[in-house]
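Participant: So I've got this file, start-v2.pdb, and it contains PDB, C-alpha atoms and all ligand atoms:
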ATOM      1  CA  MET L   1     -11.195 -12.762  11.220  1.00  0.00           C
ATOM      2  CA  THR L   2      -7.390 -12.555  10.994  1.00  0.00           C
ATOM      3  CA  ARG L   3      -6.358 -10.745   7.796  1.00  0.00           C
ATOM      4  CA  VAL L   4      -2.615 -10.809   8.262  1.00  0.00           C
ATOM      5  CA  GLN L   5      -0.842 -13.281  10.488  1.00  0.00           C
ATOM      6  CA  LEU L   6       2.847 -12.945  11.265  1.00  0.00           C
ATOM      7  CA  ASP L   7       4.061 -16.014  13.076  1.00  0.00           C
ATOM      8  CA  HIS L   8       7.580 -15.952  14.606  1.00  0.00           C
ATOM      9  CA  VAL L   9       8.861 -13.885  11.684  1.00  0.00           C
ATOM     10  CA  SER L  10      12.566 -13.037  11.532  1.00  0.00           C
ATOM     11  CA  LYS L  11      14.769 -11.507   8.868  1.00  0.00           C
ATOM     12  CA  GLN L  12      18.519 -11.746   8.807  1.00  0.00           C
ATOM     13  CA  TYR L  13      20.759  -9.725   6.483  1.00  0.00           C
ATOM     14  CA  GLY L  14      24.105 -11.422   6.910  1.00  0.00           C
ATOM     15  CA  ALA L  15      25.096 -10.693  10.506  1.00  0.00           C
ATOM     16  CA  THR L  16      22.321  -8.056  10.902  1.00  0.00           C
ATOM     17  CA  THR L  17      19.070  -9.144  12.505  1.00  0.00           C
ATOM     18  CA  ALA L  18      16.571  -6.713  10.967  1.00  0.00           C
ATOM     19  CA  VAL L  19      13.475  -8.376  12.499  1.00  0.00           C
ATOM     20  CA  ASP L  20      13.624 -10.824  15.380  1.00  0.00           C
ATOM     21  CA  ASP L  21      10.744 -13.187  16.179  1.00  0.00           C
ATOM     22  CA  PHE L  22       7.862 -10.830  15.411  1.00  0.00           C
ATOM     23  CA  ASN L  23       4.312 -12.025  16.041  1.00  0.00           C
ATOM     24  CA  ALA L  24       1.023 -10.327  15.212  1.00  0.00           C
ATOM     25  CA  ASP L  25      -2.531 -11.229  14.293  1.00  0.00           C
ATOM     26  CA  ILE L  26      -4.053  -8.294  12.445  1.00  0.00           C
ATOM     27  CA  ALA L  27      -7.828  -8.515  12.333  1.00  0.00           C
ATOM     28  CA  ASP L  28     -10.088  -7.496   9.487  1.00  0.00           C
ATOM     29  CA  GLY L  29     -10.555  -3.718   9.416  1.00  0.00           C
ATOM     30  CA  GLU L  30      -7.844  -2.911  11.946  1.00  0.00           C
ATOM     31  CA  PHE L  31      -5.597   0.131  11.562  1.00  0.00           C
ATOM     32  CA  ILE L  32      -2.160  -0.735  12.943  1.00  0.00           C
ATOM     33  CA  THR L  33       0.836   1.587  13.175  1.00  0.00           C
ATOM     34  CA  LEU L  34       4.394   0.368  13.704  1.00  0.00           C
ATOM     35  CA  LEU L  35       6.421   2.840  15.741  1.00  0.00           C
ATOM     36  CA  GLY L  36      10.124   2.718  16.441  1.00  0.00           C
ATOM     37  CA  PRO L  37      13.464   4.392  15.810  1.00  0.00           C
ATOM     38  CA  SER L  38      15.131   4.380  12.424  1.00  0.00           C
ATOM     39  CA  GLY L  39      16.673   1.003  11.677  1.00  0.00           C
ATOM     40  CA  CYS L  40      14.449  -0.999  14.059  1.00  0.00           C
ATOM     41  CA  GLY L  41      13.001  -3.049  11.196  1.00  0.00           C
ATOM     42  CA  LYS L  42       9.701  -1.380  10.237  1.00  0.00           C
ATOM     43  CA  THR L  43      10.403  -1.342   6.496  1.00  0.00           C
ATOM     44  CA  THR L  44      11.731  -4.896   6.557  1.00  0.00           C
ATOM     45  CA  LEU L  45       8.589  -6.089   8.325  1.00  0.00           C
ATOM     46  CA  LEU L  46       6.307  -4.262   5.904  1.00  0.00           C
ATOM     47  CA  ARG L  47       8.191  -5.605   2.901  1.00  0.00           C
ATOM     48  CA  MET L  48       7.822  -9.112   4.281  1.00  0.00           C
ATOM     49  CA  ALA L  49       4.092  -8.576   4.880  1.00  0.00           C
ATOM     50  CA  GLY L  50       3.838  -7.355   1.272  1.00  0.00           C
ATOM     51  CA  GLY L  51       5.583 -10.411  -0.130  1.00  0.00           C
ATOM     52  CA  LEU L  52       8.440  -8.274  -1.504  1.00  0.00           C
ATOM     53  CA  ILE L  53      11.057 -10.131   0.541  1.00  0.00           C
ATOM     54  CA  ARG L  54      10.992 -13.531   2.220  1.00  0.00           C
ATOM     55  CA  PRO L  55      11.389 -14.027   5.956  1.00  0.00           C
ATOM     56  CA  THR L  56      14.483 -15.933   7.036  1.00  0.00           C
ATOM     57  CA  ARG L  57      12.318 -17.742   9.590  1.00  0.00           C
ATOM     58  CA  GLY L  58       8.647 -17.853  10.451  1.00  0.00           C
ATOM     59  CA  ALA L  59       5.473 -17.731   8.401  1.00  0.00           C
ATOM     60  CA  ILE L  60       3.133 -15.069   7.061  1.00  0.00           C
ATOM     61  CA  ALA L  61      -0.468 -15.676   6.058  1.00  0.00           C
ATOM     62  CA  VAL L  62      -2.634 -13.173   4.213  1.00  0.00           C
ATOM     63  CA  GLY L  63      -6.387 -13.723   4.130  1.00  0.00           C
ATOM     64  CA  GLY L  64      -5.755 -17.244   5.432  1.00  0.00           C
ATOM     65  CA  HIS L  65      -3.333 -18.098   2.605  1.00  0.00           C
ATOM     66  CA  PRO L  66       0.351 -18.705   3.327  1.00  0.00           C
ATOM     67  CA  LEU L  67       2.226 -15.942   1.509  1.00  0.00           C
ATOM     68  CA  TRP L  68       5.072 -18.282   0.556  1.00  0.00           C
ATOM     69  CA  ARG L  69       4.919 -21.950  -0.275  1.00  0.00           C
ATOM     70  CA  ASP L  70       8.114 -23.841  -1.177  1.00  0.00           C
ATOM     71  CA  GLY L  71       9.825 -20.541  -1.983  1.00  0.00           C
ATOM     72  CA  VAL L  72       7.042 -19.446  -4.338  1.00  0.00           C
ATOM     73  CA  ARG L  73       4.844 -16.461  -3.566  1.00  0.00           C
ATOM     74  CA  ASP L  74       1.102 -17.109  -3.548  1.00  0.00           C
ATOM     75  CA  ASP L  75      -0.539 -14.792  -6.088  1.00  0.00           C
ATOM     76  CA  GLU L  76      -3.923 -15.168  -4.423  1.00  0.00           C
ATOM     77  CA  ALA L  77      -2.480 -13.798  -1.177  1.00  0.00           C
ATOM     78  CA  VAL L  78      -0.685 -10.976  -3.036  1.00  0.00           C
ATOM     79  CA  ARG L  79      -3.955  -9.907  -4.674  1.00  0.00           C
ATOM     80  CA  GLU L  80      -5.239  -8.982  -1.199  1.00  0.00           C
ATOM     81  CA  LEU L  81      -2.501  -6.357  -0.815  1.00  0.00           C
ATOM     82  CA  GLY L  82      -2.209  -2.729  -1.892  1.00  0.00           C
ATOM     83  CA  ILE L  83       1.133  -1.075  -1.180  1.00  0.00           C
ATOM     84  CA  VAL L  84       2.032   2.624  -0.851  1.00  0.00           C
ATOM     85  CA  PHE L  85       5.678   3.689  -0.585  1.00  0.00           C
ATOM     86  CA  GLN L  86       7.280   6.876   0.693  1.00  0.00           C
ATOM     87  CA  ASP L  87       7.510   8.224  -2.856  1.00  0.00           C
ATOM     88  CA  ALA L  88       4.378   8.095  -4.982  1.00  0.00           C
ATOM     89  CA  ASN L  89       6.220   6.468  -7.913  1.00  0.00           C
ATOM     90  CA  LEU L  90       3.607   7.571 -10.423  1.00  0.00           C
ATOM     91  CA  PHE L  91       4.500   7.074 -14.069  1.00  0.00           C
ATOM     92  CA  PRO L  92       5.215  10.582 -15.456  1.00  0.00           C
ATOM     93  CA  TRP L  93       3.957   9.684 -18.937  1.00  0.00           C
ATOM     94  CA  LEU L  94       0.530   8.630 -17.639  1.00  0.00           C
ATOM     95  CA  THR L  95      -2.198  10.991 -16.454  1.00  0.00           C
ATOM     96  CA  ILE L  96      -3.404  10.777 -12.857  1.00  0.00           C
ATOM     97  CA  GLU L  97      -6.437   8.680 -13.808  1.00  0.00           C
ATOM     98  CA  GLN L  98      -4.288   6.385 -15.981  1.00  0.00           C
ATOM     99  CA  ASN L  99      -1.888   5.935 -13.064  1.00  0.00           C
ATOM    100  CA  ILE L 100      -4.731   5.143 -10.668  1.00  0.00           C
ATOM    101  CA  ALA L 101      -6.242   2.685 -13.133  1.00  0.00           C
ATOM    102  CA  LEU L 102      -2.972   0.994 -14.078  1.00  0.00           C
ATOM    103  CA  PRO L 103      -3.382  -2.054 -11.795  1.00  0.00           C
ATOM    104  CA  LEU L 104      -6.791  -2.622 -13.391  1.00  0.00           C
ATOM    105  CA  GLU L 105      -5.347  -2.288 -16.891  1.00  0.00           C
ATOM    106  CA  LEU L 106      -2.723  -4.903 -15.988  1.00  0.00           C
ATOM    107  CA  ARG L 107      -5.586  -7.205 -14.993  1.00  0.00           C
ATOM    108  CA  GLY L 108      -7.322  -6.682 -18.301  1.00  0.00           C
ATOM    109  CA  VAL L 109     -10.245  -4.634 -16.959  1.00  0.00           C
ATOM    110  CA  ASP L 110     -12.227  -2.839 -19.675  1.00  0.00           C
ATOM    111  CA  LYS L 111     -11.175   0.792 -20.259  1.00  0.00           C
ATOM    112  CA  ALA L 112     -14.543   2.394 -19.467  1.00  0.00           C
ATOM    113  CA  VAL L 113     -14.874   0.378 -16.251  1.00  0.00           C
ATOM    114  CA  ARG L 114     -11.377   1.209 -15.041  1.00  0.00           C
ATOM    115  CA  LEU L 115     -11.690   4.933 -15.755  1.00  0.00           C
ATOM    116  CA  THR L 116     -15.007   5.050 -13.904  1.00  0.00           C
ATOM    117  CA  ARG L 117     -13.285   3.378 -10.969  1.00  0.00           C
ATOM    118  CA  ALA L 118     -10.313   5.778 -11.205  1.00  0.00           C
ATOM    119  CA  ARG L 119     -12.686   8.758 -10.988  1.00  0.00           C
ATOM    120  CA  GLU L 120     -14.484   7.294  -7.961  1.00  0.00           C
ATOM    121  CA  LEU L 121     -11.142   6.816  -6.245  1.00  0.00           C
ATOM    122  CA  ALA L 122      -9.963  10.310  -7.175  1.00  0.00           C
ATOM    123  CA  ARG L 123     -13.070  11.552  -5.351  1.00  0.00           C
ATOM    124  CA  LEU L 124     -12.355   9.315  -2.340  1.00  0.00           C
ATOM    125  CA  VAL L 125      -8.840  10.747  -1.941  1.00  0.00           C
ATOM    126  CA  SER L 126     -10.022  14.298  -2.736  1.00  0.00           C
ATOM    127  CA  ILE L 127      -8.162  14.941  -5.987  1.00  0.00           C
ATOM    128  CA  GLU L 128     -11.244  15.121  -8.193  1.00  0.00           C
ATOM    129  CA  GLY L 129     -10.724  17.594 -11.012  1.00  0.00           C
ATOM    130  CA  PHE L 130      -7.109  16.518 -11.449  1.00  0.00           C
ATOM    131  CA  GLU L 131      -7.789  13.205 -13.192  1.00  0.00           C
ATOM    132  CA  ARG L 132      -6.475  14.409 -16.581  1.00  0.00           C
ATOM    133  CA  ARG L 133      -3.409  16.170 -15.193  1.00  0.00           C
ATOM    134  CA  TRP L 134       0.155  14.854 -15.279  1.00  0.00           C
ATOM    135  CA  PRO L 135       1.868  13.816 -12.022  1.00  0.00           C
ATOM    136  CA  ARG L 136       4.314  16.771 -12.293  1.00  0.00           C
ATOM    137  CA  GLU L 137       1.357  19.182 -12.120  1.00  0.00           C
ATOM    138  CA  LEU L 138       0.365  17.947  -8.639  1.00  0.00           C
ATOM    139  CA  SER L 139       1.893  18.734  -5.247  1.00  0.00           C
ATOM    140  CA  GLY L 140       3.668  15.998  -3.276  1.00  0.00           C
ATOM    141  CA  GLY L 141       0.627  15.520  -1.041  1.00  0.00           C
ATOM    142  CA  MET L 142      -1.675  15.164  -4.038  1.00  0.00           C
ATOM    143  CA  ARG L 143       0.679  12.664  -5.660  1.00  0.00           C
ATOM    144  CA  GLN L 144       0.555  10.570  -2.474  1.00  0.00           C
ATOM    145  CA  ARG L 145      -3.250  10.760  -2.596  1.00  0.00           C
ATOM    146  CA  ALA L 146      -3.055   9.412  -6.144  1.00  0.00           C
ATOM    147  CA  ALA L 147      -0.712   6.633  -4.973  1.00  0.00           C
ATOM    148  CA  ILE L 148      -3.242   5.646  -2.298  1.00  0.00           C
ATOM    149  CA  ALA L 149      -6.013   5.651  -4.903  1.00  0.00           C
ATOM    150  CA  ARG L 150      -3.884   3.430  -7.148  1.00  0.00           C
ATOM    151  CA  ALA L 151      -3.230   1.012  -4.274  1.00  0.00           C
ATOM    152  CA  LEU L 152      -6.993   0.811  -3.683  1.00  0.00           C
ATOM    153  CA  SER L 153      -7.960   0.442  -7.349  1.00  0.00           C
ATOM    154  CA  SER L 154      -7.986  -3.346  -7.415  1.00  0.00           C
ATOM    155  CA  ASP L 155     -10.005  -3.309  -4.171  1.00  0.00           C
ATOM    156  CA  PRO L 156      -7.439  -5.133  -2.010  1.00  0.00           C
ATOM    157  CA  GLN L 157      -8.437  -6.136   1.516  1.00  0.00           C
ATOM    158  CA  ILE L 158      -5.210  -4.825   3.018  1.00  0.00           C
ATOM    159  CA  LEU L 159      -3.367  -1.547   2.621  1.00  0.00           C
ATOM    160  CA  LEU L 160       0.350  -1.562   3.478  1.00  0.00           C
ATOM    161  CA  MET L 161       2.059   1.809   3.772  1.00  0.00           C
ATOM    162  CA  ASP L 162       5.677   2.575   4.590  1.00  0.00           C
ATOM    163  CA  GLU L 163       5.930   6.148   5.906  1.00  0.00           C
ATOM    164  CA  PRO L 164       3.689   7.232   3.043  1.00  0.00           C
ATOM    165  CA  PHE L 165       3.903  10.892   4.068  1.00  0.00           C
ATOM    166  CA  GLY L 166       7.526  10.864   5.202  1.00  0.00           C
ATOM    167  CA  ALA L 167       8.691  12.904   2.209  1.00  0.00           C
ATOM    168  CA  LEU L 168       6.089  15.654   2.761  1.00  0.00           C
ATOM    169  CA  ASP L 169       6.472  18.828   4.819  1.00  0.00           C
ATOM    170  CA  ALA L 170       5.243  18.690   8.418  1.00  0.00           C
ATOM    171  CA  MET L 171       1.961  20.564   7.836  1.00  0.00           C
ATOM    172  CA  THR L 172       0.984  18.531   4.797  1.00  0.00           C
ATOM    173  CA  ARG L 173       1.961  15.362   6.669  1.00  0.00           C
ATOM    174  CA  ASP L 174      -0.379  16.216   9.570  1.00  0.00           C
ATOM    175  CA  ALA L 175      -3.195  16.932   7.130  1.00  0.00           C
ATOM    176  CA  MET L 176      -2.554  13.688   5.246  1.00  0.00           C
ATOM    177  CA  ASN L 177      -2.526  11.643   8.444  1.00  0.00           C
ATOM    178  CA  LEU L 178      -6.036  12.930   9.166  1.00  0.00           C
ATOM    179  CA  GLU L 179      -7.035  12.273   5.566  1.00  0.00           C
ATOM    180  CA  LEU L 180      -5.768   8.721   5.884  1.00  0.00           C
ATOM    181  CA  GLN L 181      -7.996   8.173   8.922  1.00  0.00           C
ATOM    182  CA  ARG L 182     -10.968   9.507   6.962  1.00  0.00           C
ATOM    183  CA  ILE L 183     -10.181   7.201   4.023  1.00  0.00           C
ATOM    184  CA  TRP L 184      -9.874   4.293   6.437  1.00  0.00           C
ATOM    185  CA  MET L 185     -13.257   5.176   8.014  1.00  0.00           C
ATOM    186  CA  GLU L 186     -14.823   5.168   4.542  1.00  0.00           C
ATOM    187  CA  THR L 187     -13.193   1.986   3.245  1.00  0.00           C
ATOM    188  CA  ARG L 188     -12.437   0.047   6.459  1.00  0.00           C
ATOM    189  CA  LYS L 189      -9.469  -1.570   4.760  1.00  0.00           C
ATOM    190  CA  THR L 190      -7.125  -3.404   7.090  1.00  0.00           C
ATOM    191  CA  THR L 191      -4.238  -0.940   7.261  1.00  0.00           C
ATOM    192  CA  LEU L 192      -0.641  -1.404   8.388  1.00  0.00           C
TER
HETATM  193  P1  LIG A 201      13.337   0.990   9.593  1.00  0.00           P
HETATM  194  O1  LIG A 201      12.423   0.951   8.418  1.00  0.00           O
HETATM  195  O2  LIG A 201      12.641   0.770  10.903  1.00  0.00           O
HETATM  196  O3  LIG A 201      14.169   2.230   9.624  1.00  0.00           O
HETATM  197  P2  LIG A 201      14.750  -1.161   8.224  1.00  0.00           P
HETATM  198  O4  LIG A 201      13.783  -2.291   8.138  1.00  0.00           O
HETATM  199  O5  LIG A 201      14.940  -0.355   7.003  1.00  0.00           O
HETATM  200  O6  LIG A 201      14.361  -0.244   9.473  1.00  0.00           O
HETATM  201  O7  LIG A 201      16.171  -1.721   8.659  1.00  0.00           O
HETATM  202  C1  LIG A 201      16.351  -2.627   9.728  1.00  0.00           C
HETATM  203  C2  LIG A 201      17.816  -3.058   9.793  1.00  0.00           C
HETATM  204  O8  LIG A 201      18.100  -3.903   8.692  1.00  0.00           O
HETATM  205  C3  LIG A 201      18.824  -1.914   9.737  1.00  0.00           C
HETATM  206  O9  LIG A 201      19.896  -2.260  10.556  1.00  0.00           O
HETATM  207  C4  LIG A 201      19.213  -1.891   8.283  1.00  0.00           C
HETATM  208  O10 LIG A 201      20.512  -1.374   8.128  1.00  0.00           O
HETATM  209  C5  LIG A 201      19.145  -3.362   7.911  1.00  0.00           C
HETATM  210  N1  LIG A 201      18.787  -3.579   6.481  1.00  0.00           N
HETATM  211  C6  LIG A 201      17.617  -3.214   5.897  1.00  0.00           C
HETATM  212  N2  LIG A 201      17.585  -3.588   4.610  1.00  0.00           N
HETATM  213  C7  LIG A 201      18.766  -4.201   4.365  1.00  0.00           C
HETATM  214  C8  LIG A 201      19.342  -4.833   3.217  1.00  0.00           C
HETATM  215  N3  LIG A 201      18.681  -4.908   2.051  1.00  0.00           N
HETATM  216  N4  LIG A 201      20.580  -5.362   3.340  1.00  0.00           N
HETATM  217  C9  LIG A 201      21.239  -5.308   4.514  1.00  0.00           C
HETATM  218  N5  LIG A 201      20.771  -4.751   5.632  1.00  0.00           N
HETATM  219  C10 LIG A 201      19.542  -4.194   5.575  1.00  0.00           C
HETATM  220 MG    MG A 202      11.864   2.377   7.022  1.00  0.00          MG
END
Could I get this structure in the form of structure tokens?
Ligand code: ADP
Ligand code: MG
Facilitator:
Amino acid sequence: MTRVQLDHVSKQYGATTAVDDFNADIADGEFITLLGPSGCGKTTLLRMAGGLIRPTRGAIAVGGHPLWRDGVRDDEAVRELGIVFQDANLFPWLTIEQNIALPLELRGVDKAVRLTRARELARLVSIEGFERRWPRELSGGMRQRAAIARALSSDPQILLMDEPFGALDAMTRDAMNLELQRIWMETRKTTL
């Protein structure tokens, strides 16, 4: 089954063509990596796939739903997506488990249920024991683990990540790339 379909997608910023006629059918459970030099359009493509910006031309479907319809983003399609950015963007005034559980809180999930889920996810990303700590008490790599856990908390079908380890040192980045493969093996989320 096709999870994400990009059909003749282009993005124009004034005179700059950031993405030109990109096509891809990403199947359920696939792990896809976009490679290319700085400025080739990776971030733009990912932001379009995430519904954060609209393509100038072409169409994107997520889980079979068009992402945009008459200029309005389809919430059902967006619910399939979990996004991780280069910086963890954790809220400093929330503990790690509160950060992980935040998407569930925003959906009105019961406190006990969401904290149970946050602890499961902390285990999945190997930061168990740090659930009650503040983001500033964790290393950059651990904060990115927490950001991945947060992106997974609402159980999206698709994980979108834009150089999620780009701000980490080279050794931690290598370790996290392996960790990401392990997490993917355990969850089988479609990953871009
Ligand atoms: P990458 O992530 O591969 O480095 P980007 O998607 O960030 O590439 O950028 C692709 C091109 O689009 C670059 O030429 C960049 O300068 C341009 N671009 C990206 N975002 C904007 C924007 N918001 N406004 C204008 N130009 C942009
Ligand atoms: Mg980029």
Participant: I'd like to know which of L:Met48, L:Ile32, L:Leu159, L:Val4 is closest to ligand LIG 201 (chain A), using only C-alpha atoms and all ligand atoms.
Facilitator: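 Smallest separation from ligand LIG 201 (chain A) among the options: L:Met48.
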Participant: Enumerate, as a list of chain:residue names, the residues matched when the PyMOL selection byres (((not hetatm)) within 7 of (chain A and resi 202)) is run on the file above.
Facilitator: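 Checking the PyMOL selection byres (((not hetatm)) within 7 of (chain A and resi 202)) against this file, the residues are L:Ser38, L:Gly39, L:Gly41, L:Lys42, L:Thr43, L:Asp162.
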Participant: Given the file shown, determine the residues that the PyMOL selection byres (((not hetatm)) within 9 of (chain A and resi 201)) selects; report them as a list of chain:residue names.
Facilitator: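 So the PyMOL selection byres (((not hetatm)) within 9 of (chain A and resi 201)), applied here, picks out L:Lys11, L:Gln12, L:Tyr13, L:Gly14, L:Ala15, L:Thr16, L:Thr17, L:Ala18, L:Val19, L:Leu34, L:Leu35, L:Gly36, L:Pro37, L:Ser38, L:Gly39, L:Cys40, L:Gly41, L:Lys42, L:Thr43, L:Thr44, L:Leu45, L:Leu46, L:Arg47, L:Asp162, L:Glu163.
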Participant: Excluding range 132-147 of chain L and any residue of its chain fewer than 2 positions from it, enumerate the residues within 10 Å of it, using all atoms listed in the file, and give them as an mmCIF file with C-alpha atoms, in the frame of the given file.
Facilitator:
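Now in out_2.cif:
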data_model
loop_
_atom_site.group_PDB
_atom_site.id
_atom_site.type_symbol
_atom_site.label_atom_id
_atom_site.label_comp_id
_atom_site.auth_asym_id
_atom_site.auth_seq_id
_atom_site.Cartn_x
_atom_site.Cartn_y
_atom_site.Cartn_z
ATOM 1 C CA GLY L 82 -2.209 -2.729 -1.892
ATOM 2 C CA ILE L 83 1.133 -1.075 -1.180
ATOM 3 C CA VAL L 84 2.032 2.624 -0.851
ATOM 4 C CA PHE L 85 5.678 3.689 -0.585
ATOM 5 C CA GLN L 86 7.280 6.876 0.693
ATOM 6 C CA ASP L 87 7.510 8.224 -2.856
ATOM 7 C CA ALA L 88 4.378 8.095 -4.982
ATOM 8 C CA ASN L 89 6.220 6.468 -7.913
ATOM 9 C CA LEU L 90 3.607 7.571 -10.423
ATOM 10 C CA PHE L 91 4.500 7.074 -14.069
ATOM 11 C CA PRO L 92 5.215 10.582 -15.456
ATOM 12 C CA TRP L 93 3.957 9.684 -18.937
ATOM 13 C CA LEU L 94 0.530 8.630 -17.639
ATOM 14 C CA THR L 95 -2.198 10.991 -16.454
ATOM 15 C CA ILE L 96 -3.404 10.777 -12.857
ATOM 16 C CA GLU L 97 -6.437 8.680 -13.808
ATOM 17 C CA GLN L 98 -4.288 6.385 -15.981
ATOM 18 C CA ASN L 99 -1.888 5.935 -13.064
ATOM 19 C CA ILE L 100 -4.731 5.143 -10.668
ATOM 20 C CA ALA L 118 -10.313 5.778 -11.205
ATOM 21 C CA LEU L 121 -11.142 6.816 -6.245
ATOM 22 C CA ALA L 122 -9.963 10.310 -7.175
ATOM 23 C CA LEU L 124 -12.355 9.315 -2.340
ATOM 24 C CA VAL L 125 -8.840 10.747 -1.941
ATOM 25 C CA SER L 126 -10.022 14.298 -2.736
ATOM 26 C CA ILE L 127 -8.162 14.941 -5.987
ATOM 27 C CA GLU L 128 -11.244 15.121 -8.193
ATOM 28 C CA GLY L 129 -10.724 17.594 -11.012
ATOM 29 C CA PHE L 130 -7.109 16.518 -11.449
ATOM 30 C CA ALA L 149 -6.013 5.651 -4.903
ATOM 31 C CA ARG L 150 -3.884 3.430 -7.148
ATOM 32 C CA ALA L 151 -3.230 1.012 -4.274
ATOM 33 C CA LEU L 152 -6.993 0.811 -3.683
ATOM 34 C CA SER L 153 -7.960 0.442 -7.349
ATOM 35 C CA PRO L 164 3.689 7.232 3.043
ATOM 36 C CA PHE L 165 3.903 10.892 4.068
ATOM 37 C CA ALA L 167 8.691 12.904 2.209
ATOM 38 C CA LEU L 168 6.089 15.654 2.761
ATOM 39 C CA ASP L 169 6.472 18.828 4.819
ATOM 40 C CA THR L 172 0.984 18.531 4.797
ATOM 41 C CA ARG L 173 1.961 15.362 6.669
ATOM 42 C CA ALA L 175 -3.195 16.932 7.130
ATOM 43 C CA MET L 176 -2.554 13.688 5.246
ATOM 44 C CA GLU L 179 -7.035 12.273 5.566
ATOM 45 C CA LEU L 180 -5.768 8.721 5.884
#
Participant: From the list L:Ala112, L:Ala77, L:Ile158, L:Ile60, which residue is nearest Thr190 in chain L when using all atoms listed in the file?
Facilitator: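 Among the listed residues, the smallest separation from Thr190 in chain L belongs to L:Ile158.
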Participant: Could you give me, as a list in words, the residues within 8 Å of range 62-65 of chain L, counting only C-alpha atoms and dropping anything in the same chain fewer than 6 positions from it?
Facilitator: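 Listed by chain and then number, they are Thr2, Arg3, Val4, Gln5, Asp74, Glu76, Ala77, Val78 and Glu80 of chain L.
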Participant: Could you write out the selected residues, including C-alpha atoms, as a short mmCIF file (atom, residue, chain, number, x, y, z; two decimals), in the frame of the given file?
Facilitator:
data_model
loop_
_atom_site.label_atom_id
_atom_site.label_comp_id
_atom_site.auth_asym_id
_atom_site.auth_seq_id
_atom_site.Cartn_x
_atom_site.Cartn_y
_atom_site.Cartn_z
CA THR L 2 -7.39 -12.56 10.99
CA ARG L 3 -6.36 -10.74 7.80
CA VAL L 4 -2.62 -10.81 8.26
CA GLN L 5 -0.84 -13.28 10.49
CA ASP L 74 1.10 -17.11 -3.55
CA GLU L 76 -3.92 -15.17 -4.42
CA ALA L 77 -2.48 -13.80 -1.18
CA VAL L 78 -0.68 -10.98 -3.04
CA GLU L 80 -5.24 -8.98 -1.20
#
Participant: Report the distance between CA of Thr33 in chain L and CA of Met161 in chain L in Å, rounded to one decimal place.
Facilitator: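 Calculated distance between CA of Thr33 in chain L and CA of Met161 in chain L is 9.5 Å.
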Participant: So how many Å separate CA of Gly71 in chain L and CA of Ile53 in chain L, to one decimal?
Facilitator: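 CA of Ile53 in chain L lies at a distance of 10.8 Å from CA of Gly71 in chain L.
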Participant: My list of candidates is L:Ser154, L:Ser10, L:Thr116, L:Thr56. Which is closest to Leu102 in chain L when distances are computed with only C-alpha atoms?
Facilitator: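 Of all the options, L:Ser154 lies closest to Leu102 in chain L.
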